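Dropping protein-v8.cif in here (mmCIF, C-alpha atoms):
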```
data_data
loop_
_atom_site.label_atom_id
_atom_site.label_comp_id
_atom_site.auth_asym_id
_atom_site.auth_seq_id
_atom_site.Cartn_x
_atom_site.Cartn_y
_atom_site.Cartn_z
CA MET A 78 68.22 -0.58 98.13
CA ILE A 79 71.05 1.85 97.43
CA THR A 80 73.95 -0.07 95.96
CA VAL A 81 77.51 1.13 95.34
CA SER A 82 76.77 1.34 91.62
CA LYS A 83 73.70 3.52 92.19
CA GLU A 84 75.68 5.82 94.47
CA ASP A 85 78.39 6.16 91.81
CA TYR A 86 75.84 7.20 89.20
CA LEU A 87 74.17 9.72 91.49
CA LYS A 88 77.51 11.27 92.42
CA ALA A 89 78.60 11.41 88.77
CA ILE A 90 75.39 13.26 87.87
CA LEU A 91 75.89 15.79 90.69
CA GLU A 92 79.54 16.32 89.76
CA ALA A 93 78.71 16.89 86.10
CA GLU A 94 75.92 19.31 87.03
CA GLY A 95 78.23 21.22 89.35
CA GLU A 96 80.84 21.54 86.63
CA GLY A 97 78.26 23.01 84.27
CA GLN A 98 77.88 20.01 81.98
CA GLN A 99 74.62 18.93 80.39
CA VAL A 100 74.03 15.49 81.87
CA ILE A 101 72.95 12.94 79.28
CA SER A 102 73.66 9.22 78.96
CA ALA A 103 76.88 9.84 77.01
CA THR A 104 78.14 12.12 79.79
CA LEU A 105 77.74 9.36 82.35
CA ALA A 106 79.24 6.70 80.08
CA HIS A 107 82.36 8.85 79.70
CA ARG A 108 82.68 9.81 83.37
CA LEU A 109 82.16 6.28 84.67
CA ALA A 110 83.96 4.49 81.81
CA VAL A 111 81.00 2.21 81.11
CA SER A 112 79.07 1.26 77.98
CA ALA A 113 75.96 3.03 76.70
CA PRO A 114 73.75 -0.04 77.38
CA ALA A 115 75.06 -0.17 80.98
CA VAL A 116 74.04 3.48 81.47
CA THR A 117 70.58 2.79 80.03
CA MET A 118 70.02 -0.08 82.45
CA ALA A 119 71.32 1.92 85.42
CA LEU A 120 69.09 4.91 84.64
CA ARG A 121 66.11 2.62 84.35
CA ARG A 122 66.76 1.33 87.87
CA LEU A 123 67.38 4.82 89.25
CA LYS A 124 64.11 6.07 87.71
CA ARG A 125 62.26 3.12 89.20
CA ASP A 126 63.66 3.99 92.62
CA GLY A 127 62.66 7.65 92.29
CA LEU A 128 66.24 8.91 92.35
CA VAL A 129 66.46 10.48 88.87
CA SER A 130 64.20 11.71 86.10
CA VAL A 131 64.98 11.70 82.38
CA ARG A 132 63.50 14.50 80.28
CA SER A 133 62.21 14.08 76.74
CA ASP A 134 65.46 15.60 75.42
CA GLY A 135 67.48 12.93 77.25
CA ARG A 136 68.74 15.19 80.02
CA VAL A 137 69.16 13.39 83.34
CA GLN A 138 68.19 15.16 86.56
CA LEU A 139 68.39 14.16 90.19
CA THR A 140 65.25 14.03 92.29
CA SER A 141 65.39 15.57 95.77
CA GLU A 142 66.10 12.13 97.26
CA GLY A 143 68.74 11.35 94.65
CA ARG A 144 70.41 14.71 95.23
CA GLN A 145 70.49 14.14 98.98
CA ILE A 146 72.24 10.79 98.54
CA ALA A 147 74.73 12.25 96.05
CA ARG A 148 75.58 15.21 98.27
CA ARG A 149 76.15 12.92 101.26
CA LEU A 150 78.49 10.74 99.21
CA MET A 151 80.43 13.75 97.95
CA LEU A 152 80.86 15.03 101.50
CA ARG A 153 82.17 11.65 102.60
CA HIS A 154 84.55 11.52 99.64
CA HIS A 155 85.82 15.00 100.53
CA LEU A 156 86.28 14.11 104.20
CA ILE A 157 88.15 10.90 103.40
CA GLU A 158 90.53 12.69 101.05
CA ARG A 159 91.27 15.27 103.73
CA MET A 160 91.68 12.61 106.41
CA LEU A 161 94.13 10.62 104.29
CA HIS A 162 96.21 13.69 103.44
CA GLU A 163 95.99 15.78 106.60
CA GLN A 164 95.97 13.03 109.23
CA PHE A 165 97.92 10.23 107.56
CA GLY A 166 100.19 12.14 105.19
CA MET A 167 99.12 10.33 102.03
CA GLU A 168 100.40 11.98 98.86
CA TRP A 169 97.81 14.39 97.45
CA TYR A 170 97.70 12.67 94.07
CA LYS A 171 96.76 9.31 95.63
CA THR A 172 93.84 10.39 97.81
CA HIS A 173 91.09 10.50 95.16
CA ASP A 174 91.39 6.84 94.19
CA GLU A 175 91.51 5.75 97.83
CA ALA A 176 88.46 7.85 98.68
CA GLU A 177 86.55 6.35 95.75
CA ARG A 178 87.00 2.95 97.37
CA LEU A 179 86.30 3.99 100.96
CA GLU A 180 83.45 6.48 100.59
CA HIS A 181 80.75 3.81 100.31
CA ALA A 182 81.71 2.22 103.63
CA VAL A 183 81.52 5.35 105.80
CA SER A 184 78.77 5.21 108.42
CA ALA A 185 76.85 8.23 109.67
CA ASP A 186 78.70 7.95 113.00
CA PHE A 187 82.13 7.96 111.34
CA GLU A 188 81.08 10.84 109.08
CA ALA A 189 80.14 12.86 112.18
CA LYS A 190 83.55 12.09 113.73
CA LEU A 191 85.31 13.24 110.55
CA VAL A 192 83.31 16.48 110.46
CA ALA A 193 84.13 17.13 114.11
CA LYS A 194 87.83 16.50 113.45
CA LEU A 195 88.26 18.23 110.08
CA GLY A 196 85.29 20.57 109.72
CA ALA A 197 82.59 20.25 107.05
CA GLY A 198 84.09 22.84 104.68
CA GLY A 199 87.63 23.44 103.54
CA VAL A 200 89.26 22.16 100.40
CA CYS A 201 90.51 18.69 99.51
CA PRO A 202 94.17 17.93 98.73
CA HIS A 203 93.48 18.93 95.11
CA GLY A 204 92.27 22.36 96.22
CA ASN A 205 88.59 21.70 95.52
CA PRO A 206 85.57 22.43 97.76
CA VAL A 207 83.03 19.77 98.74
CA MET A 208 80.70 20.56 95.85
CA PRO A 209 82.14 21.03 92.34
CA GLU A 210 82.32 24.52 90.83
CA THR A 211 81.70 25.69 87.30
CA ALA A 212 84.49 27.40 85.40
CA ALA A 213 82.48 30.64 85.58
CA ALA A 214 82.26 30.44 89.38
CA ARG A 215 86.01 29.89 89.62
CA ARG A 216 86.70 32.88 87.39
CA ARG A 217 84.45 35.05 89.54
CA ARG A 218 86.76 34.15 92.42
CA GLY A 219 89.76 35.38 90.44
CA MET A 220 91.04 32.02 89.25
CA GLN A 221 92.40 31.34 85.76
CA LEU A 222 93.36 28.20 83.88
CA LEU A 223 97.12 27.79 83.73
CA SER A 224 96.77 27.22 79.98
CA ALA A 225 95.44 30.78 79.53
CA VAL A 226 97.80 32.90 81.66
CA ASP A 227 100.49 35.30 80.49
CA ALA A 228 104.17 34.45 80.19
CA GLY A 229 106.59 36.35 82.37
CA ARG A 230 104.49 36.19 85.52
CA SER A 231 104.23 33.98 88.59
CA TYR A 232 101.08 32.21 89.70
CA ARG A 233 99.88 30.30 92.74
CA VAL A 234 98.34 26.91 92.00
CA ARG A 235 94.88 26.78 93.57
CA SER A 236 93.35 23.54 92.38
CA THR A 237 93.55 20.72 89.88
CA SER A 238 91.15 18.17 88.47
CA GLU A 239 91.34 14.96 90.47
CA HIS A 240 90.06 12.08 88.35
CA ASP A 241 93.19 11.25 86.34
CA ARG A 242 95.85 9.67 88.55
CA LYS A 243 98.51 9.69 85.81
CA LEU A 244 97.98 13.40 85.22
CA LEU A 245 98.23 14.15 88.94
CA GLU A 246 101.49 12.22 89.21
CA LEU A 247 102.87 14.10 86.20
CA LEU A 248 101.94 17.45 87.76
CA ASP A 249 103.51 16.46 91.07
CA LYS A 250 106.78 15.44 89.40
CA ARG A 251 106.86 18.81 87.66
CA GLY A 252 106.32 20.70 90.92
CA ILE A 253 102.77 21.72 90.07
CA ARG A 254 100.57 21.03 93.08
CA PRO A 255 97.99 23.03 95.07
CA GLY A 256 99.72 25.75 97.05
CA SER A 257 102.87 25.78 94.93
CA THR A 258 104.07 28.75 92.90
CA VAL A 259 105.03 28.53 89.24
CA ARG A 260 106.55 31.12 86.95
CA VAL A 261 105.56 30.99 83.29
CA LEU A 262 108.77 31.50 81.35
CA ASP A 263 107.57 31.01 77.79
CA ARG A 264 104.99 29.54 75.44
CA ASN A 265 106.09 27.49 72.47
CA CYS A 266 104.30 27.59 69.12
CA ASP A 267 102.71 24.21 69.89
CA GLU A 268 101.21 25.73 73.10
CA THR A 269 103.65 23.82 75.32
CA MET A 270 104.45 25.95 78.35
CA VAL A 271 107.89 26.40 79.89
CA LEU A 272 107.63 26.81 83.65
CA ASP A 273 109.94 27.44 86.58
CA THR A 274 108.77 25.37 89.57
CA ASP A 275 110.38 23.85 92.63
CA ALA A 276 111.28 20.94 90.32
CA GLY A 277 113.30 23.31 88.12
CA LYS A 278 112.62 24.30 84.52
CA VAL A 279 109.84 22.04 83.23
CA HIS A 280 107.61 21.75 80.17
CA LEU A 281 103.85 21.23 80.33
CA GLY A 282 101.46 20.50 77.48
CA GLU A 283 98.24 22.41 76.88
CA VAL A 284 95.96 19.47 77.79
CA ALA A 285 97.56 19.18 81.23
CA ALA A 286 97.63 22.95 81.76
CA GLU A 287 93.88 23.06 81.13
CA GLN A 288 93.38 20.98 84.29
CA VAL A 289 95.12 23.46 86.62
CA TRP A 290 93.58 26.60 88.13
CA VAL A 291 95.80 29.43 89.37
CA THR A 292 95.75 33.00 90.68
CA PRO A 293 98.42 35.66 90.18
CA ASP A 294 101.14 35.41 92.78
CA GLY A 295 101.53 38.45 95.02
CA ASP A 296 105.03 39.69 94.28
CA GLY A 297 105.44 38.23 90.79
CA ARG A 298 108.38 36.03 91.78
CA ARG A 299 108.34 32.28 92.33
CA GLN A 300 108.99 31.45 95.95
CA GLY A 301 111.55 28.73 96.49
#
```

Full structure transcribed into structure tokens:
Amino acid sequence: MITVSKEDYLKAILEAEGEGQQVISATLAHRLAVSAPAVTMALRRLKRDGLVSVRSDGRVQLTSEGRQIARRLMLRHHLIERMLHEQFGMEWYKTHDEAERLEHAVSADFEAKLVAKLGAGGVCPHGNPVMPETAAARRRRGMQLLSAVDAGRSYRVRSTSEHDRKLLELLDKRGIRPGSTVRVLDRNCDETMVLDTDAGKVHLGEVAAEQVWVTPDGDGRRQG
């Protein structure tokens, strides 16, 4: 039987893999905010069900069946986020948490309706594709972390991480959201960035800037 908890673990493994992380028990404990013993018990059940394997070095890998379940859940999460934002106008920074709650209840029939309505590809309200990308893959597509760009230039926000609701709300209040344009005015000695956005002149710390991917804006000027 595939429970909600098992689905969460399988999706967390696939997400971590896609982001280029080495998946071990500590990785899952951090991503799911659970204790080490809880992870040990969960992996034992997933191994018993043939959904994961654990190598001698502790690395956790999905079996073909486990990967299929995880990919289906990630597609449903993606579709729900898009539905909430594109069809119902929910704020982009709220959709992840709602989709986390709803994704487990989506039937195959409803999934097919969502695909027919929205398409199976596209990006979510945070600018991310269905399957997570490594930093290297993003850079090959011309994207840069906001924390690493040059001052004196304008950039288009392409995507953000989506797991930290407080961070997303902070970015939104500062006018930093997928599709928006920001101009980097200055960098302070403590790595705080001074930006010009549609919220005005704002400051953003390095930790937050490391969660935002951008590309150079075409004409070098922020568009109002």

Expected residue set, 10 Å radius at (83.6, 13.8, 99.8), only C-alpha atoms, as an mmCIF file with C-alpha atoms, in the frame of the given file:
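Full text of part-v1.cif as output:
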```cif
data_model
loop_
_atom_site.group_PDB
_atom_site.id
_atom_site.type_symbol
_atom_site.label_atom_id
_atom_site.label_comp_id
_atom_site.auth_asym_id
_atom_site.auth_seq_id
_atom_site.Cartn_x
_atom_site.Cartn_y
_atom_site.Cartn_z
ATOM 1 C CA LYS A 88 77.510 11.270 92.420
ATOM 2 C CA ALA A 147 74.730 12.250 96.050
ATOM 3 C CA ARG A 148 75.580 15.210 98.270
ATOM 4 C CA ARG A 149 76.150 12.920 101.260
ATOM 5 C CA LEU A 150 78.490 10.740 99.210
ATOM 6 C CA MET A 151 80.430 13.750 97.950
ATOM 7 C CA LEU A 152 80.860 15.030 101.500
ATOM 8 C CA ARG A 153 82.170 11.650 102.600
ATOM 9 C CA HIS A 154 84.550 11.520 99.640
ATOM 10 C CA HIS A 155 85.820 15.000 100.530
ATOM 11 C CA LEU A 156 86.280 14.110 104.200
ATOM 12 C CA ILE A 157 88.150 10.900 103.400
ATOM 13 C CA GLU A 158 90.530 12.690 101.050
ATOM 14 C CA ARG A 159 91.270 15.270 103.730
ATOM 15 C CA HIS A 173 91.090 10.500 95.160
ATOM 16 C CA ALA A 176 88.460 7.850 98.680
ATOM 17 C CA GLU A 177 86.550 6.350 95.750
ATOM 18 C CA GLU A 180 83.450 6.480 100.590
ATOM 19 C CA ALA A 197 82.590 20.250 107.050
ATOM 20 C CA CYS A 201 90.510 18.690 99.510
ATOM 21 C CA PRO A 206 85.570 22.430 97.760
ATOM 22 C CA VAL A 207 83.030 19.770 98.740
ATOM 23 C CA MET A 208 80.700 20.560 95.850
#
```

Using only C-alpha atoms, what table do you get, as JSON lines, when you list each residue of segment 202-226 of chain A with an atom no more than 9 Å from segment 249-257 of chain A, its nearest pair of atoms, and their distance in Å rounded to one decimal, rows by chain then rising number?
```
{"residue": "A:Pro202", "atom": "CA", "partner": "A:Pro255", "partner_atom": "CA", "distance": 7.3}
{"residue": "A:His203", "atom": "CA", "partner": "A:Pro255", "partner_atom": "CA", "distance": 6.1}
{"residue": "A:Gly204", "atom": "CA", "partner": "A:Pro255", "partner_atom": "CA", "distance": 5.9}
```

Across A:Ile90, A:Val234, A:Val284, A:Ala212, the smallest distance to Leu109 of chain A, with only C-alpha atoms counted, is shown by A:Ile90

I need the output of the PyMOL selection byres ((chain A and resi 220) around 8) for this file as a PyMOL selection string; which residues are they?
chain A and resi 215-219+221-222+235+290-292

- prompt: Residues around (83.4, 7.7, 110.7), cut-off 12 Å, counting all atoms listed in the file - what are they as number ranges by chain?
  reply: A: 153-154, 156-157, 160, 179-195

Expressed in Å, the length from atom CA of Asp241 of chain A to atom CA of Asp294 of chain A is 26.2 Å

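Taking atom CA of Leu105 of chain A as the reference point, atom CA of Ala286 of chain A is found at 24.1 Å.
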
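Across the structure, atom CA of Thr172 of chain A and atom CA of Gln288 of chain A are spaced 17.2 Å apart.
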
Q | Reference answer for the PyMOL selection byres ((chain A and resi 261) around 10), as an MDAnalysis selection string | A | chainID A and resid 223 226:232 258:260 262:264 270:274 278:280 299

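Using all atoms listed in the file, the shortest contact distance between Glu142 of chain A and any of A:Lys124, A:Arg108, A:His162, A:Arg242 is found at A:Lys124.
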
Practice task
List the neighbours of His107 of chain A out to 12 Å using only C-alpha atoms; skip same-chain residues closer than 3 positions along the sequence, and give me the result as a list in words.
Solution key: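 The neighbour list is Tyr86, Ala89, Ile90, Ala93, Val100, Ile101, Ser102, Ala103, Thr104, Ala110, Val111, Ser112, Ala113, Ala115 and Val116 of chain A.
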
Shell around Leu128 of chain A at 12 Å using only C-alpha atoms, local window under 3 positions removed, as a PyMOL selection string: chain A and resi 78-79+83-84+86-88+90-91+119-125+131+137-147
